[in-house]
Amino acid sequence: MSNAPAIVAAGTPIRRRPFGLLELAQRNRGVVVGLVFVGALFLIALVSPVISPHDPIATEPDNAYLPPLSPGHVLGTDELGRDQISRVLWGARVSLPVALVAVAVGLVGGGVLGMVSGYAGGLTDLLVMRVVDALLAFPALILAIALVAALGPNLRNAMIAIGIVAIPVYARLVRAVVLQLKQMEFVMATRSLGASPIRLIVRHLIPNLMNPILVQISLSAGFAILAEAVLSFLGLGAQPPTPDWGQMITTGRTFLPNDPWLAIVPGIAISITVYSFNLLGDSLRDALDPRLRS
Amino acid sequence: MAFSHLLELDNVETHLRLREGTIKAVDGVSLTVDAGETLGIVGESGSGKSMTALSIMRLLPRSGRIVGGKVSFKGRVLTDLSEDEMEEIRGTEIAMIFQDPMTSLNPVFRTGWQVGEPLRIHRHMRRRASIAAAVDLFQKVGIPEPRRRVAQYPHLFSGGMRQRAMIAMGLSTSPSLLIADEPTTALDVTIQAQILDLLQTLNRDYGTATILITHNLGVVAGMCDRVIVMYAGRIVEQGRTDDVFAHPEHPYTWSLLHSIPRLDAEQHQPLRPIEGVPPDMVNLPPGCKFQARCPFAIARCATDEPELLQVREQLARCWVTQAGTRLDG
């Protein structure tokens with residue numbers, strides 16, 4: 001159609017430099033420590049069937065209530081003689097997937113709501129945000145408990161409930177960033193060169209959301225682990241005999257006066273896991289803070 | 001192809017529906033742009049010059065709608081096209097450059113990738129080819145060390161360099177029309193000159209017609225074949241740049257020209273600011289919209305609105321000059 005001379009000619013390919021993850025790590029040691037901890041937890045979850053010394057649900061009534069450092073049972077045994085360290089290691093296989101699924105539910109649900117709300121604006125924004133506010137008005141754990149009570153107490157419903165509770169956080173975060181981005185001229189510029197709204201959102205806006213979302217994922221994974229433990233503690237999550245940290249604490253609670261390690265050991269596992277995710281999230285937030293960028 | 005002008009706006013009306021009321025941001029604007037020509041649109045903030053450009057691109061804000069008239073481009077009526085057809089026009093046939101180079105590039109992508117985006121959208125180029133094309137484009141718009149520059153993120157670019165990158169992006173698909181909305185407003189003076197020079201060179205070398213939107217009369221004088229002066233959403237004067245600058249036939253243009261210092265004046269006179277403020281766009285007064293600020297106003301101006309009619313070499317919307325009075329007389 002156009003008779004003007006072609007402005008673009010063929011050229012040589014350009015090599016891309018990989019993103020500076022190393023640079024990020026140098027800037028903040030917490031990121032490295034957090035990554036190592038979280039990585040180790042996932043590794044444990046992956047290999048726990050191999051490294052566990054005993055079957056986590058096999059009972060040995062003769063060996064019940066063994067204290068930690070007993071021969072053959074490093075962390076002792078519970079009231080049915082099940083090996084504690086095996087149960088704790090297997091517990092990671094319950095908690096971490098629950099956290100992942102819950103975060104995914106919250107991220108996708110909240111991300112879509114926030115994107116629609118922020119991009120469309122107007123009445124859509126008003127309606128979506130009022131629904132999100134309503135969700136946010138309930139204390140997170142109370143809402144999760146109510147949802148599980150309504151859906152039925154099992155692990156799958158616990159994941160869904162924790163995910164739903166995380167939706168408002170992601171919706172608000174994504175909306176806030178999108179509103180900010182909409183003010184920038186590259187949004188109009190990208191549309192003016194023929195990009196469809198879908199392409200604009202997927203190719204140009206979502207990459208801008210990655211930093212804050214990465215931070216939020218780490219932080220809400222910590223919350224999800226804790227929430228799952230609470231639900232299981234209350235009997236609304238994992239059901240016996242599944243080796244689950246929250247549920248182990250429920251059982252251990254009964255024996256607290258005489259055999260405190262039954263509750264303490266899974267409690268420490270929960271603490272370490274939540275701490276690792278929070279450390280990662282907090283240090284990522286610091287490291288990715290644009291104000292600290294050189 | 002049978003079309004007389006590259007771009008033709010026929011009585012275009014664009015309304016903005018705001019909480020305070022409806023604003024006629026573009027009110028019956030008719031204009032033409034021919035292939036290879038440079039048209040200047042001047043006017044103060046809120047005069048409707050940017051809204052005119054966005055109406056052509058059909059990229060109005062949510063509150064905006066084209067309620068009347070039509071926009072034709074190469075014989076196709078843009079105002080009747082579907083959104084998909086319009087997306088094909090944007091970036092291939094018509095490109096646009098914006099005012100603020102600091103935010104017109106996406107901060108999380110390398111500049112080369114961004115400049116290659118129109119080629120990926122419209123020419124279905126692969127990533128590598130598009131970035132290689134960006135190297136050539138960078139060279140053409142005068143960005144030094146293009147091979148290194150395409151791999152950099154926008155924050156390493158200065159304002160002038162970013163505007164060059166934006167121009168490169170706009171030119172990547174060899175459009176026949178480039179709309180530059182205040183391309184130099186956010187730049188300092190020496191860089192302004194370089195960017196205008198670049199636009200002029202590209203206009204000459206590639207025959208890209210240009211609409212240059214600005215509030216800077218000096219820019220228009222140096223660059224444009226023809227000029228349109230807008231006030232309160234209307235065209236108040238239109239003509240060849242030389243004619244309009246030599247003998248303005250609308251008091252608004254006349255006042256603008258008298259409010260800037262002239263180096264070539266024989267006798268230096270004090271600058272004359274334009275008194276008053278632009279009219280309330282929600283409740284426009286009857287009559288001529290410039291009447292309240294006009295040093296030449298007559299009784300009729302307050303009640304009847306003049307048409308845009310031929311006054312000597314150009315078109316003007318003024319009772320006084322249409323009656324034969326000369327503003328400089």
# chains A, B, ... in the order shown; residues from 1 in each chain; ligands from 1

call {"tool": "closest_atom_pairs", "arguments": {"of": "chain B", "to": "chain A", "cutoff": "8 Å", "atoms": "only C-alpha atoms", "output": "Markdown table"}}
result
| residue | atom | partner | partner_atom | distance |
| --- | --- | --- | --- | --- |
| B:Met57 | CA | A:Ser192 | CA | 7.1 |
| B:Leu59 | CA | A:Ser192 | CA | 7.4 |
| B:Met86 | CA | A:Gly194 | CA | 7.8 |
| B:Glu87 | CA | A:Gly194 | CA | 4.5 |
| B:Glu88 | CA | A:Gly194 | CA | 6.1 |
| B:Ile89 | CA | A:Gly194 | CA | 7.1 |
| B:Arg90 | CA | A:Gly194 | CA | 4.6 |
| B:Gly91 | CA | A:Leu193 | CA | 3.7 |
| B:Thr92 | CA | A:Leu193 | CA | 7.4 |
| B:Ala95 | CA | A:Leu193 | CA | 6.1 |
| B:Met96 | CA | A:Ser192 | CA | 6.2 |
| B:Ile97 | CA | A:Ala189 | CA | 7.2 |
| B:Phe98 | CA | A:Ala189 | CA | 7.1 |
| B:Asp100 | CA | A:Glu185 | CA | 6.9 |
| B:Thr103 | CA | A:Met184 | CA | 5.2 |
| B:Ser104 | CA | A:Phe186 | CA | 3.9 |
| B:Leu105 | CA | A:Phe186 | CA | 5.1 |
| B:Asn106 | CA | A:Phe186 | CA | 5.8 |
| B:Pro107 | CA | A:Asn208 | CA | 7.9 |
| B:Val108 | CA | A:Asn208 | CA | 6.2 |
| B:Pro118 | CA | A:Leu193 | CA | 6.0 |
| B:Ile121 | CA | A:Ala195 | CA | 6.9 |
| B:His122 | CA | A:Gly194 | CA | 7.9 |
| B:Arg128 | CA | A:Pro13 | CA | 5.6 |
| B:Ala129 | CA | A:Pro13 | CA | 6.6 |
| B:Ile131 | CA | A:Ile14 | CA | 6.9 |
| B:Ala132 | CA | A:Gly11 | CA | 5.0 |
| B:Ala133 | CA | A:Val8 | CA | 5.7 |
| B:Val135 | CA | A:Gly11 | CA | 7.7 |
| B:Asp136 | CA | A:Val8 | CA | 6.6 |
| B:Leu137 | CA | A:Val8 | CA | 6.7 |
| B:Arg147 | CA | A:Ile14 | CA | 7.5 |
| B:Ala151 | CA | A:Arg16 | CA | 7.1 |
| B:Gly170 | CA | A:Leu193 | CA | 7.2 |
| B:Leu171 | CA | A:Ile7 | CA | 7.4 |
| B:Ser172 | CA | A:Val8 | CA | 6.4 |
| B:Thr173 | CA | A:Ile7 | CA | 7.4 |
| B:Ser174 | CA | A:Ile7 | CA | 6.2 |
| B:Pro175 | CA | A:Ser2 | CA | 7.6 |
| B:Ser176 | CA | A:Ser2 | CA | 7.0 |
| B:Tyr206 | CA | A:Ala4 | CA | 5.7 |
| B:Gly207 | CA | A:Ala4 | CA | 6.6 |
| B:Thr208 | CA | A:Ala4 | CA | 7.9 |

call {"tool": "residues_around", "arguments": {"residues": "Leu196 (chain B)", "least_positions_apart": "6", "cutoff": "8 Å", "atoms": "only C-alpha atoms", "output": "list in words"}}
result
Thr184, Val219 and Met223 of chain B

call {"tool": "residues_around", "arguments": {"residues": "region 152-158 of chain A", "least_positions_apart": "4", "cutoff": "6 Å", "atoms": "only C-alpha atoms", "output": "PyMOL selection string"}}
result
chain A and resi 148+236-238

call {"tool": "residues_around", "arguments": {"residues": "Leu39 (chain B)", "least_positions_apart": "4", "cutoff": "7 Å", "atoms": "only C-alpha atoms", "output": "PyMOL selection string"}}
result
chain B and resi 33+210-212+224-227

call {"tool": "residues_around", "arguments": {"residues": "Arg130 (chain A)", "least_positions_apart": "6", "cutoff": "12 Å", "atoms": "only C-alpha atoms", "output": "list of chain:residue names"}}
result
A:Leu113, A:Gly114, A:Ser117, A:Leu123, A:Thr124, A:Leu136, A:Ala137, A:Pro168, A:Ala171, A:Arg172

call {"tool": "write_last_selection", "arguments": {"atoms": "N, CA and C atoms", "output": "mmCIF file, in the first residue's frame"}}
result
data_model
loop_
_atom_site.group_PDB
_atom_site.id
_atom_site.type_symbol
_atom_site.label_atom_id
_atom_site.label_comp_id
_atom_site.auth_asym_id
_atom_site.auth_seq_id
_atom_site.Cartn_x
_atom_site.Cartn_y
_atom_site.Cartn_z
ATOM 1 N N LEU A 113 -9.511 -10.226 39.060
ATOM 2 C CA LEU A 113 -10.396 -9.178 39.580
ATOM 3 C C LEU A 113 -9.705 -7.820 39.568
ATOM 4 N N GLY A 114 -8.469 -7.790 40.057
ATOM 5 C CA GLY A 114 -7.737 -6.532 40.142
ATOM 6 C C GLY A 114 -7.467 -5.947 38.772
ATOM 7 N N SER A 117 -10.748 -4.679 37.277
ATOM 8 C CA SER A 117 -11.150 -3.504 38.022
ATOM 9 C C SER A 117 -10.302 -2.291 37.650
ATOM 10 N N LEU A 123 -17.791 1.952 36.687
ATOM 11 C CA LEU A 123 -18.757 1.183 37.470
ATOM 12 C C LEU A 123 -18.239 -0.219 37.786
ATOM 13 N N THR A 124 -17.559 -0.838 36.804
ATOM 14 C CA THR A 124 -16.989 -2.165 37.009
ATOM 15 C C THR A 124 -16.066 -2.152 38.223
ATOM 16 N N LEU A 136 -12.649 -8.557 52.494
ATOM 17 C CA LEU A 136 -11.567 -8.068 53.335
ATOM 18 C C LEU A 136 -12.065 -7.722 54.741
ATOM 19 N N ALA A 137 -13.370 -7.480 54.857
ATOM 20 C CA ALA A 137 -13.925 -7.057 56.137
ATOM 21 C C ALA A 137 -13.866 -8.168 57.177
ATOM 22 N N PRO A 168 -8.574 -10.950 48.132
ATOM 23 C CA PRO A 168 -8.611 -9.480 48.235
ATOM 24 C C PRO A 168 -7.235 -8.830 48.197
ATOM 25 N N ALA A 171 -6.136 -8.776 44.625
ATOM 26 C CA ALA A 171 -6.990 -7.882 43.837
ATOM 27 C C ALA A 171 -6.598 -6.425 44.084
ATOM 28 N N ARG A 172 -6.408 -6.077 45.354
ATOM 29 C CA ARG A 172 -6.059 -4.694 45.686
ATOM 30 C C ARG A 172 -4.670 -4.338 45.141
#
